[in-house]
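Novice: First, the structure itself, so that you have it in front of you.
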Amino acid sequence: MRLRKKLRKSPPPPGQAPGTPVHVGERLTEGTTIQVYSYDKGALETVTTQVCTDCFRFQKDPRITWLHVTGLHESAKISRLGEAFGLHALVIEDILNTHGRSKVDELDDALFVVTRIITPEPASGGVDHQHLALYIAPNLVISFSEAPTKVFAPVMQRIAEGKGRIRGLGGDYLAWAILDAVVDNYFAVIDTLDQRLQTLDQDLQDGADDVETAQLYRLRSEVTAFHRLVRPVREIASALAHSESPLLTEGSAIYYRDLYDHAVHVLDHADDLREMSSSLRDFYLSIVNNRMNEIMKVLACVSTVFLPLTFLAGMYGMNFHHMPELDEPWAYPAVWAICFIIAGGMFWFFRRRNWL
């Protein structure tokens, strides 16, 4: 799976205290940007800033507030923002660790979700993925992503235009809308990988000469990586669908069950893609082996044709004085005739048996 990783940072040194805010991962943006959507059914306020203090006035806002943070390499800024909104030090540590596992944590007064944003890249034909952390508290949702993404554009548009239920419901519905947008993009990735597998399958059926081994194994590794990344989403959706947290109201339960259904559907497709990639690999190896067998069969038949001819050549190449036919004028053309008869007879036999 192709990554958009640029400036690699080393992992934190061992032995640090738990909750130390250290960024683990790669720098994907120039700076950290915070988009704020604070709204209720009748009003909306939006702010885009790179200064943490511009967001602090939304701490006690009774409206639903969504802070979308892009860029995680400025660990001091992330830590300051998290402390201002009551995030535990261990939660901030998980936000900054972009190599952490996907999970759901139920805290005393909040929910914390870690998952992956996976999107197709039409220009390269590959896919891109990045770390996503979601903090859900009363009337507050904070999302943290490594780089700018268009995944949340439909959610932001619905908030801005006041379409649908999103402005009239709580933060639990907003959190569902964010996660639903993430899972919906998995289907776009599935379509991209499936199309590439179908194209490769057709190329193999047309002939394996135009298919490179590296291309086949690169696609298979991308499918395997995608399956590994989406596998935890079913457990995450299940945990949220069956959560007893007071943050998730009864009205939002049906939406989280729907999210679980989508997650199961995604994982089923991912399993199918992995099986298809394995089948294509086996098909390719079978084609290569059959071609090699055909070559070896032709070479074996040619060697068999020349075996009796080699025997005759070796026999008449011996330096014996008493070989009566050597003095006969018909001996030389007779040997050639015998060679042609043997070779032609064996070739006819092989063709009749469909060996050639």
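Naming scheme: A, B, ... for chains in displayed order of the structure tokens; residues 1 onward per chain; ligands 1 onward as shown.
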At a cut-off of 6 Å, using only C-alpha atoms, what residues contact segment 105-121 of chain A? Leave out same-chain residues fewer than 2 positions from it and give the result as a list in words.

Specialist: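 Listing them by chain and then by number gives Ser102, Lys103, Ala123, Ser124, Gly125, Gly126, Val127, Asp128, His129, Gln130, His131, Leu132, Ala133, Leu134, Tyr135, Ile136, Ala137, Val182 and Val189 of chain A.
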
Novice: DSSP on the backbone: what in segment 20-252 of chain A comes out strand (DSSP E), as a ChimeraX atom specification?

Specialist: /A:26-27,33-39,44-49,64-70,103-106,111-121,126-137,140-145

Novice: Return as CSV the residues of segment 212-285 of chain A lying at most 10 Å from segment 194-207 of chain A, together with the closest atom-to-atom pair for each and the distance in Å to one decimal, counting only C-alpha atoms, with rows in chain order and ascending residue number.

Specialist:
residue,atom,partner,partner_atom,distance
A:Gln215,CA,A:Leu200,CA,9.0
A:Leu216,CA,A:Leu200,CA,7.8
A:Leu219,CA,A:Leu197,CA,7.8
A:Arg220,CA,A:Leu197,CA,9.0
A:Val223,CA,A:Asp194,CA,9.3
A:His269,CA,A:Asp194,CA,9.3
A:Ala270,CA,A:Asp194,CA,9.6
A:Asp272,CA,A:Asp194,CA,9.4
A:Leu273,CA,A:Asp194,CA,6.8
A:Met276,CA,A:Leu197,CA,7.6
A:Ser277,CA,A:Leu197,CA,7.0
A:Ser279,CA,A:Asp201,CA,9.6
A:Leu280,CA,A:Asp201,CA,6.7
A:Arg281,CA,A:Asp201,CA,9.8
A:Phe283,CA,A:Leu204,CA,8.0
A:Tyr284,CA,A:Leu204,CA,6.9

Novice: Next, dump the selected residues to file, keeping only N, CA, C and O atoms, as a CSV table (one decimal), in the first residue's frame.

Specialist:
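After the write, selection.csv holds the following:
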chain,number,residue,atom,x,y,z
A,215,GLN,N,4.3,-6.6,-10.3
A,215,GLN,CA,3.0,-6.0,-10.3
A,215,GLN,C,2.0,-6.8,-9.6
A,215,GLN,O,1.2,-6.3,-8.8
A,216,LEU,N,2.0,-8.1,-9.8
A,216,LEU,CA,1.1,-9.1,-9.1
A,216,LEU,C,1.4,-9.0,-7.6
A,216,LEU,O,0.4,-8.9,-6.8
A,219,LEU,N,0.3,-5.7,-5.9
A,219,LEU,CA,-1.1,-5.6,-5.7
A,219,LEU,C,-1.6,-6.5,-4.5
A,219,LEU,O,-2.4,-6.1,-3.7
A,220,ARG,N,-1.0,-7.7,-4.5
A,220,ARG,CA,-1.4,-8.6,-3.4
A,220,ARG,C,-1.0,-8.0,-2.0
A,220,ARG,O,-1.7,-8.2,-1.0
A,223,VAL,N,-3.5,-5.4,-1.0
A,223,VAL,CA,-4.8,-6.0,-0.6
A,223,VAL,C,-4.6,-6.5,0.8
A,223,VAL,O,-5.5,-6.3,1.7
A,269,HIS,N,-15.9,-7.9,2.2
A,269,HIS,CA,-15.3,-7.6,0.9
A,269,HIS,C,-13.8,-7.7,0.9
A,269,HIS,O,-13.2,-8.1,0.0
A,270,ALA,N,-13.2,-7.2,2.1
A,270,ALA,CA,-11.8,-7.3,2.2
A,270,ALA,C,-11.3,-8.8,2.2
A,270,ALA,O,-10.3,-9.1,1.6
A,272,ASP,N,-12.9,-11.2,0.6
A,272,ASP,CA,-13.0,-11.6,-0.8
A,272,ASP,C,-11.8,-11.1,-1.7
A,272,ASP,O,-11.3,-11.9,-2.5
A,273,LEU,N,-11.4,-9.9,-1.4
A,273,LEU,CA,-10.3,-9.3,-2.2
A,273,LEU,C,-9.0,-10.1,-1.9
A,273,LEU,O,-8.2,-10.4,-2.8
A,276,MET,N,-9.2,-13.4,-3.6
A,276,MET,CA,-9.0,-13.2,-5.1
A,276,MET,C,-7.5,-13.0,-5.4
A,276,MET,O,-7.0,-13.5,-6.4
A,277,SER,N,-6.9,-12.1,-4.6
A,277,SER,CA,-5.4,-11.9,-4.9
A,277,SER,C,-4.6,-13.2,-4.8
A,277,SER,O,-3.7,-13.4,-5.5
A,279,SER,N,-5.8,-16.2,-5.3
A,279,SER,CA,-6.1,-17.0,-6.4
A,279,SER,C,-5.4,-16.6,-7.7
A,279,SER,O,-4.9,-17.4,-8.5
A,280,LEU,N,-5.3,-15.2,-7.8
A,280,LEU,CA,-4.5,-14.7,-9.0
A,280,LEU,C,-3.1,-15.1,-8.9
A,280,LEU,O,-2.5,-15.4,-10.0
A,281,ARG,N,-2.5,-15.1,-7.7
A,281,ARG,CA,-1.1,-15.5,-7.6
A,281,ARG,C,-1.0,-17.0,-8.0
A,281,ARG,O,0.0,-17.3,-8.7
A,283,PHE,N,-3.0,-18.7,-9.9
A,283,PHE,CA,-3.2,-18.8,-11.3
A,283,PHE,C,-2.0,-18.4,-12.1
A,283,PHE,O,-1.6,-19.1,-13.1
A,284,TYR,N,-1.3,-17.3,-11.7
A,284,TYR,CA,-0.1,-16.9,-12.4
A,284,TYR,C,1.0,-17.9,-12.3
A,284,TYR,O,1.6,-18.3,-13.3

Novice: Residues within 12 Å of Gly171 of chain A, please, as an mmCIF file with all heavy atoms, in the first residue's frame. Count only C-alpha atoms; anything in the same chain fewer than 3 positions from it doesn't count.

Specialist:
data_model
loop_
_atom_site.group_PDB
_atom_site.id
_atom_site.type_symbol
_atom_site.label_atom_id
_atom_site.label_comp_id
_atom_site.auth_asym_id
_atom_site.auth_seq_id
_atom_site.Cartn_x
_atom_site.Cartn_y
_atom_site.Cartn_z
ATOM 1 N N TYR A 37 -16.287 23.851 14.434
ATOM 2 C CA TYR A 37 -17.702 23.986 14.070
ATOM 3 C C TYR A 37 -18.494 23.938 15.379
ATOM 4 O O TYR A 37 -18.569 22.897 16.027
ATOM 5 C CB TYR A 37 -18.153 22.859 13.150
ATOM 6 C CG TYR A 37 -17.543 22.908 11.772
ATOM 7 C CD1 TYR A 37 -16.273 22.392 11.537
ATOM 8 C CD2 TYR A 37 -18.229 23.468 10.707
ATOM 9 C CE1 TYR A 37 -15.707 22.442 10.275
ATOM 10 C CE2 TYR A 37 -17.675 23.519 9.432
ATOM 11 C CZ TYR A 37 -16.407 23.003 9.230
ATOM 12 O OH TYR A 37 -15.848 23.060 7.981
ATOM 13 N N SER A 38 -19.058 25.071 15.767
ATOM 14 C CA SER A 38 -19.872 25.149 16.974
ATOM 15 C C SER A 38 -21.283 25.527 16.547
ATOM 16 O O SER A 38 -21.497 26.577 15.925
ATOM 17 C CB SER A 38 -19.302 26.187 17.942
ATOM 18 O OG SER A 38 -20.025 26.180 19.155
ATOM 19 N N TYR A 39 -22.260 24.655 16.878
ATOM 20 C CA TYR A 39 -23.580 24.850 16.285
ATOM 21 C C TYR A 39 -24.676 24.313 17.198
ATOM 22 O O TYR A 39 -24.445 23.517 18.112
ATOM 23 C CB TYR A 39 -23.662 24.139 14.932
ATOM 24 C CG TYR A 39 -23.470 22.629 15.012
ATOM 25 C CD1 TYR A 39 -24.547 21.777 15.243
ATOM 26 C CD2 TYR A 39 -22.211 22.062 14.868
ATOM 27 C CE1 TYR A 39 -24.381 20.409 15.317
ATOM 28 C CE2 TYR A 39 -22.027 20.689 14.948
ATOM 29 C CZ TYR A 39 -23.110 19.865 15.168
ATOM 30 O OH TYR A 39 -22.937 18.500 15.255
ATOM 31 N N ASP A 40 -25.866 24.804 16.920
ATOM 32 C CA ASP A 40 -27.095 24.204 17.406
ATOM 33 C C ASP A 40 -28.080 24.241 16.245
ATOM 34 O O ASP A 40 -27.676 24.512 15.102
ATOM 35 C CB ASP A 40 -27.629 24.904 18.666
ATOM 36 C CG ASP A 40 -27.816 26.399 18.471
ATOM 37 O OD1 ASP A 40 -27.944 26.839 17.299
ATOM 38 O OD2 ASP A 40 -27.834 27.139 19.467
ATOM 39 N N PRO A 62 -22.340 25.738 25.335
ATOM 40 C CA PRO A 62 -23.409 24.730 25.461
ATOM 41 C C PRO A 62 -23.801 24.097 24.131
ATOM 42 O O PRO A 62 -24.485 23.073 24.108
ATOM 43 C CB PRO A 62 -24.572 25.530 26.051
ATOM 44 C CG PRO A 62 -24.326 26.940 25.599
ATOM 45 C CD PRO A 62 -22.830 27.101 25.562
ATOM 46 N N ARG A 63 -23.364 24.686 23.030
ATOM 47 C CA ARG A 63 -23.678 24.122 21.718
ATOM 48 C C ARG A 63 -22.784 22.911 21.436
ATOM 49 O O ARG A 63 -21.826 22.642 22.154
ATOM 50 C CB ARG A 63 -23.491 25.191 20.635
ATOM 51 C CG ARG A 63 -24.381 26.415 20.798
ATOM 52 C CD ARG A 63 -24.054 27.473 19.755
ATOM 53 N NE ARG A 63 -22.708 28.024 19.925
ATOM 54 C CZ ARG A 63 -22.177 28.961 19.151
ATOM 55 N NH1 ARG A 63 -22.903 29.456 18.133
ATOM 56 N NH2 ARG A 63 -20.964 29.404 19.366
ATOM 57 N N ILE A 64 -23.125 22.171 20.395
ATOM 58 C CA ILE A 64 -22.285 21.070 19.952
ATOM 59 C C ILE A 64 -21.045 21.660 19.280
ATOM 60 O O ILE A 64 -21.155 22.520 18.399
ATOM 61 C CB ILE A 64 -23.028 20.146 18.973
ATOM 62 C CG1 ILE A 64 -24.313 19.626 19.613
ATOM 63 C CG2 ILE A 64 -22.129 18.999 18.539
ATOM 64 C CD1 ILE A 64 -24.088 18.809 20.855
ATOM 65 N N THR A 65 -19.872 21.221 19.702
ATOM 66 C CA THR A 65 -18.617 21.750 19.171
ATOM 67 C C THR A 65 -17.783 20.611 18.596
ATOM 68 O O THR A 65 -17.571 19.592 19.265
ATOM 69 C CB THR A 65 -17.817 22.483 20.258
ATOM 70 O OG1 THR A 65 -18.594 23.560 20.781
ATOM 71 C CG2 THR A 65 -16.517 23.032 19.687
ATOM 72 N N TRP A 66 -17.346 20.825 17.372
ATOM 73 C CA TRP A 66 -16.453 19.854 16.698
ATOM 74 C C TRP A 66 -15.147 20.565 16.366
ATOM 75 O O TRP A 66 -15.126 21.535 15.622
ATOM 76 C CB TRP A 66 -17.116 19.326 15.428
ATOM 77 C CG TRP A 66 -16.230 18.396 14.621
ATOM 78 C CD1 TRP A 66 -15.142 17.703 15.059
ATOM 79 C CD2 TRP A 66 -16.363 18.077 13.230
ATOM 80 N NE1 TRP A 66 -14.592 16.960 14.049
ATOM 81 C CE2 TRP A 66 -15.321 17.169 12.905
ATOM 82 C CE3 TRP A 66 -17.271 18.464 12.239
ATOM 83 C CZ2 TRP A 66 -15.161 16.661 11.622
ATOM 84 C CZ3 TRP A 66 -17.106 17.946 10.959
ATOM 85 C CH2 TRP A 66 -16.070 17.045 10.658
ATOM 86 N N LEU A 67 -14.072 20.059 16.934
ATOM 87 C CA LEU A 67 -12.735 20.532 16.613
ATOM 88 C C LEU A 67 -12.058 19.483 15.742
ATOM 89 O O LEU A 67 -11.869 18.341 16.185
ATOM 90 C CB LEU A 67 -11.894 20.761 17.878
ATOM 91 C CG LEU A 67 -12.068 22.083 18.638
ATOM 92 C CD1 LEU A 67 -13.453 22.169 19.267
ATOM 93 C CD2 LEU A 67 -10.993 22.218 19.713
ATOM 94 N N ALA A 110 -15.948 10.205 28.812
ATOM 95 C CA ALA A 110 -15.676 10.390 27.385
ATOM 96 C C ALA A 110 -15.466 9.035 26.722
ATOM 97 O O ALA A 110 -15.318 7.998 27.386
ATOM 98 C CB ALA A 110 -14.443 11.275 27.188
ATOM 99 N N LEU A 111 -15.462 9.050 25.403
ATOM 100 C CA LEU A 111 -15.111 7.886 24.584
ATOM 101 C C LEU A 111 -13.942 8.278 23.693
ATOM 102 O O LEU A 111 -13.879 9.419 23.196
ATOM 103 C CB LEU A 111 -16.292 7.451 23.712
ATOM 104 C CG LEU A 111 -17.464 6.771 24.406
ATOM 105 C CD1 LEU A 111 -18.620 6.614 23.425
ATOM 106 C CD2 LEU A 111 -17.061 5.421 24.966
ATOM 107 N N LEU A 134 -10.371 10.021 17.626
ATOM 108 C CA LEU A 134 -11.654 10.704 17.839
ATOM 109 C C LEU A 134 -11.953 10.708 19.334
ATOM 110 O O LEU A 134 -12.036 9.647 19.963
ATOM 111 C CB LEU A 134 -12.761 9.987 17.065
ATOM 112 C CG LEU A 134 -14.083 10.720 16.880
ATOM 113 C CD1 LEU A 134 -13.891 11.962 16.025
ATOM 114 C CD2 LEU A 134 -15.112 9.795 16.236
ATOM 115 N N TYR A 135 -12.115 11.896 19.880
ATOM 116 C CA TYR A 135 -12.436 12.067 21.301
ATOM 117 C C TYR A 135 -13.859 12.584 21.406
ATOM 118 O O TYR A 135 -14.204 13.624 20.818
ATOM 119 C CB TYR A 135 -11.454 13.040 21.953
ATOM 120 C CG TYR A 135 -11.669 13.249 23.435
ATOM 121 C CD1 TYR A 135 -11.177 12.334 24.361
ATOM 122 C CD2 TYR A 135 -12.369 14.357 23.901
ATOM 123 C CE1 TYR A 135 -11.375 12.527 25.720
ATOM 124 C CE2 TYR A 135 -12.561 14.566 25.262
ATOM 125 C CZ TYR A 135 -12.062 13.637 26.162
ATOM 126 O OH TYR A 135 -12.254 13.816 27.511
ATOM 127 N N ILE A 136 -14.707 11.854 22.139
ATOM 128 C CA ILE A 136 -16.132 12.176 22.241
ATOM 129 C C ILE A 136 -16.448 12.468 23.705
ATOM 130 O O ILE A 136 -16.274 11.606 24.576
ATOM 131 C CB ILE A 136 -17.006 11.006 21.743
ATOM 132 C CG1 ILE A 136 -16.553 10.558 20.351
ATOM 133 C CG2 ILE A 136 -18.467 11.403 21.728
ATOM 134 C CD1 ILE A 136 -17.143 9.224 19.928
ATOM 135 N N ALA A 137 -16.895 13.694 23.979
ATOM 136 C CA ALA A 137 -17.276 14.119 25.323
ATOM 137 C C ALA A 137 -18.641 14.806 25.230
ATOM 138 O O ALA A 137 -19.168 15.021 24.130
ATOM 139 C CB ALA A 137 -16.218 15.069 25.895
ATOM 140 N N PRO A 138 -19.263 15.151 26.353
ATOM 141 C CA PRO A 138 -20.565 15.830 26.284
ATOM 142 C C PRO A 138 -20.474 17.123 25.474
ATOM 143 O O PRO A 138 -19.678 18.018 25.794
ATOM 144 C CB PRO A 138 -20.888 16.103 27.761
ATOM 145 C CG PRO A 138 -20.151 15.048 28.512
ATOM 146 C CD PRO A 138 -18.890 14.815 27.745
ATOM 147 N N ASN A 139 -21.262 17.206 24.416
ATOM 148 C CA ASN A 139 -21.328 18.379 23.539
ATOM 149 C C ASN A 139 -19.999 18.705 22.863
ATOM 150 O O ASN A 139 -19.798 19.824 22.376
ATOM 151 C CB ASN A 139 -21.809 19.628 24.306
ATOM 152 C CG ASN A 139 -23.224 19.473 24.810
ATOM 153 O OD1 ASN A 139 -24.028 18.743 24.243
ATOM 154 N ND2 ASN A 139 -23.532 20.162 25.906
ATOM 155 N N LEU A 140 -19.078 17.755 22.839
ATOM 156 C CA LEU A 140 -17.755 18.021 22.271
ATOM 157 C C LEU A 140 -17.251 16.794 21.518
ATOM 158 O O LEU A 140 -17.295 15.672 22.038
ATOM 159 C CB LEU A 140 -16.755 18.381 23.377
ATOM 160 C CG LEU A 140 -15.293 18.550 22.945
ATOM 161 C CD1 LEU A 140 -15.123 19.772 22.045
ATOM 162 C CD2 LEU A 140 -14.389 18.647 24.176
ATOM 163 N N VAL A 141 -16.782 17.020 20.301
ATOM 164 C CA VAL A 141 -16.110 15.986 19.513
ATOM 165 C C VAL A 141 -14.830 16.597 18.963
ATOM 166 O O VAL A 141 -14.862 17.675 18.356
ATOM 167 C CB VAL A 141 -16.995 15.473 18.356
ATOM 168 C CG1 VAL A 141 -16.207 14.477 17.490
ATOM 169 C CG2 VAL A 141 -18.258 14.823 18.891
ATOM 170 N N ILE A 142 -13.701 15.921 19.203
ATOM 171 C CA ILE A 142 -12.414 16.377 18.675
ATOM 172 C C ILE A 142 -11.845 15.253 17.812
ATOM 173 O O ILE A 142 -11.687 14.124 18.288
ATOM 174 C CB ILE A 142 -11.417 16.744 19.789
ATOM 175 C CG1 ILE A 142 -12.053 17.684 20.813
ATOM 176 C CG2 ILE A 142 -10.170 17.388 19.191
ATOM 177 C CD1 ILE A 142 -11.129 18.041 21.967
ATOM 178 N N ARG A 165 -30.306 15.695 9.787
ATOM 179 C CA ARG A 165 -30.574 15.730 11.224
ATOM 180 C C ARG A 165 -29.410 16.272 12.039
ATOM 181 O O ARG A 165 -29.537 16.484 13.241
ATOM 182 C CB ARG A 165 -30.880 14.310 11.729
ATOM 183 C CG ARG A 165 -31.990 13.594 10.995
ATOM 184 C CD ARG A 165 -32.144 12.180 11.546
ATOM 185 N NE ARG A 165 -33.204 11.456 10.884
ATOM 186 C CZ ARG A 165 -33.065 10.770 9.763
ATOM 187 N NH1 ARG A 165 -31.872 10.723 9.171
ATOM 188 N NH2 ARG A 165 -34.081 10.131 9.226
ATOM 189 N N ILE A 166 -28.263 16.501 11.406
ATOM 190 C CA ILE A 166 -27.029 16.674 12.168
ATOM 191 C C ILE A 166 -27.061 17.900 13.076
ATOM 192 O O ILE A 166 -26.520 17.860 14.190
ATOM 193 C CB ILE A 166 -25.818 16.718 11.206
ATOM 194 C CG1 ILE A 166 -24.525 16.529 11.989
ATOM 195 C CG2 ILE A 166 -25.802 17.985 10.367
ATOM 196 C CD1 ILE A 166 -23.338 16.189 11.119
ATOM 197 N N ARG A 167 -27.704 18.989 12.638
ATOM 198 C CA ARG A 167 -27.734 20.193 13.468
ATOM 199 C C ARG A 167 -28.738 20.082 14.610
ATOM 200 O O ARG A 167 -28.667 20.862 15.571
ATOM 201 C CB ARG A 167 -28.083 21.401 12.580
ATOM 202 C CG ARG A 167 -27.001 21.800 11.591
ATOM 203 C CD ARG A 167 -26.058 22.829 12.177
ATOM 204 N NE ARG A 167 -26.706 24.096 12.341
ATOM 205 C CZ ARG A 167 -26.757 25.051 11.403
ATOM 206 N NH1 ARG A 167 -26.190 24.845 10.219
ATOM 207 N NH2 ARG A 167 -27.364 26.186 11.649
ATOM 208 N N GLY A 168 -29.646 19.118 14.519
ATOM 209 C CA GLY A 168 -30.659 18.995 15.562
ATOM 210 C C GLY A 168 -30.369 17.904 16.567
ATOM 211 O O GLY A 168 -31.111 17.756 17.545
ATOM 212 N N LEU A 174 -22.937 13.310 15.741
ATOM 213 C CA LEU A 174 -21.810 13.871 15.004
ATOM 214 C C LEU A 174 -20.661 12.859 14.946
ATOM 215 O O LEU A 174 -20.047 12.676 13.882
ATOM 216 C CB LEU A 174 -21.346 15.167 15.672
ATOM 217 C CG LEU A 174 -20.053 15.775 15.131
ATOM 218 C CD1 LEU A 174 -20.200 16.153 13.659
ATOM 219 C CD2 LEU A 174 -19.641 16.992 15.970
ATOM 220 N N ALA A 175 -20.378 12.196 16.063
ATOM 221 C CA ALA A 175 -19.310 11.186 16.071
ATOM 222 C C ALA A 175 -19.647 10.051 15.119
ATOM 223 O O ALA A 175 -18.766 9.545 14.393
ATOM 224 C CB ALA A 175 -19.111 10.662 17.487
ATOM 225 N N TRP A 176 -20.924 9.627 15.105
ATOM 226 C CA TRP A 176 -21.325 8.575 14.154
ATOM 227 C C TRP A 176 -21.120 9.043 12.721
ATOM 228 O O TRP A 176 -20.632 8.289 11.871
ATOM 229 C CB TRP A 176 -22.791 8.208 14.360
ATOM 230 C CG TRP A 176 -23.319 7.396 13.210
ATOM 231 C CD1 TRP A 176 -23.178 6.060 12.999
ATOM 232 C CD2 TRP A 176 -24.035 7.919 12.063
ATOM 233 N NE1 TRP A 176 -23.765 5.700 11.804
ATOM 234 C CE2 TRP A 176 -24.293 6.813 11.206
ATOM 235 C CE3 TRP A 176 -24.471 9.186 11.683
ATOM 236 C CZ2 TRP A 176 -24.968 6.962 10.004
ATOM 237 C CZ3 TRP A 176 -25.145 9.334 10.487
ATOM 238 C CH2 TRP A 176 -25.394 8.233 9.660
ATOM 239 N N ALA A 177 -21.489 10.303 12.407
ATOM 240 C CA ALA A 177 -21.351 10.820 11.044
ATOM 241 C C ALA A 177 -19.889 10.819 10.605
ATOM 242 O O ALA A 177 -19.574 10.507 9.445
ATOM 243 C CB ALA A 177 -21.931 12.231 10.960
ATOM 244 N N ILE A 178 -18.989 11.153 11.527
ATOM 245 C CA ILE A 178 -17.553 11.143 11.201
ATOM 246 C C ILE A 178 -17.080 9.723 10.911
ATOM 247 O O ILE A 178 -16.406 9.463 9.908
ATOM 248 C CB ILE A 178 -16.754 11.771 12.359
ATOM 249 C CG1 ILE A 178 -17.095 13.257 12.486
ATOM 250 C CG2 ILE A 178 -15.255 11.573 12.145
ATOM 251 C CD1 ILE A 178 -16.517 13.914 13.730
ATOM 252 N N PRO A 246 -23.192 6.735 28.735
ATOM 253 C CA PRO A 246 -24.283 7.724 28.668
ATOM 254 C C PRO A 246 -24.099 8.739 27.540
ATOM 255 O O PRO A 246 -25.041 9.458 27.205
ATOM 256 C CB PRO A 246 -24.222 8.409 30.042
ATOM 257 C CG PRO A 246 -22.827 8.158 30.541
ATOM 258 C CD PRO A 246 -22.427 6.836 29.985
ATOM 259 N N LEU A 247 -22.910 8.778 26.957
ATOM 260 C CA LEU A 247 -22.675 9.703 25.844
ATOM 261 C C LEU A 247 -23.425 9.276 24.593
ATOM 262 O O LEU A 247 -23.718 10.103 23.730
ATOM 263 C CB LEU A 247 -21.171 9.789 25.544
ATOM 264 C CG LEU A 247 -20.314 10.447 26.620
ATOM 265 C CD1 LEU A 247 -18.837 10.262 26.296
ATOM 266 C CD2 LEU A 247 -20.645 11.939 26.725
ATOM 267 N N LEU A 248 -23.704 7.969 24.468
ATOM 268 C CA LEU A 248 -24.420 7.455 23.305
ATOM 269 C C LEU A 248 -25.875 7.245 23.687
ATOM 270 O O LEU A 248 -26.211 6.337 24.443
ATOM 271 C CB LEU A 248 -23.786 6.139 22.827
ATOM 272 C CG LEU A 248 -22.287 6.208 22.502
ATOM 273 C CD1 LEU A 248 -21.790 4.859 22.002
ATOM 274 C CD2 LEU A 248 -21.996 7.292 21.477
ATOM 275 N N THR A 249 -26.735 8.083 23.187
ATOM 276 C CA THR A 249 -28.145 8.053 23.557
ATOM 277 C C THR A 249 -28.865 6.925 22.818
ATOM 278 O O THR A 249 -28.358 6.347 21.860
ATOM 279 C CB THR A 249 -28.805 9.399 23.220
ATOM 280 O OG1 THR A 249 -28.714 9.612 21.802
ATOM 281 C CG2 THR A 249 -28.089 10.538 23.939
ATOM 282 N N GLY A 251 -31.362 7.267 20.945
ATOM 283 C CA GLY A 251 -31.693 7.701 19.598
ATOM 284 C C GLY A 251 -30.580 7.445 18.590
ATOM 285 O O GLY A 251 -30.839 7.288 17.391
ATOM 286 N N SER A 252 -29.331 7.410 19.057
ATOM 287 C CA SER A 252 -28.212 7.187 18.147
ATOM 288 C C SER A 252 -27.842 5.710 18.022
ATOM 289 O O SER A 252 -27.002 5.362 17.195
ATOM 290 C CB SER A 252 -26.976 7.968 18.614
ATOM 291 O OG SER A 252 -26.517 7.475 19.870
#

Novice: Can you tell me which residues surround segment 53-55 of chain A at a distance of at most 12 Å, considering only C-alpha atoms, apart from same-chain residues fewer than 3 positions away, and format the answer as a count of residues only?

Specialist: 30

Novice: Just the residues within 9 Å of Leu240 of chain A, please, counting only C-alpha atoms, with nothing from its chain fewer than 2 positions along; format it as number ranges by chain.

Specialist: A: 104, 235-238, 242-245, 248, 253, 256-257, 260
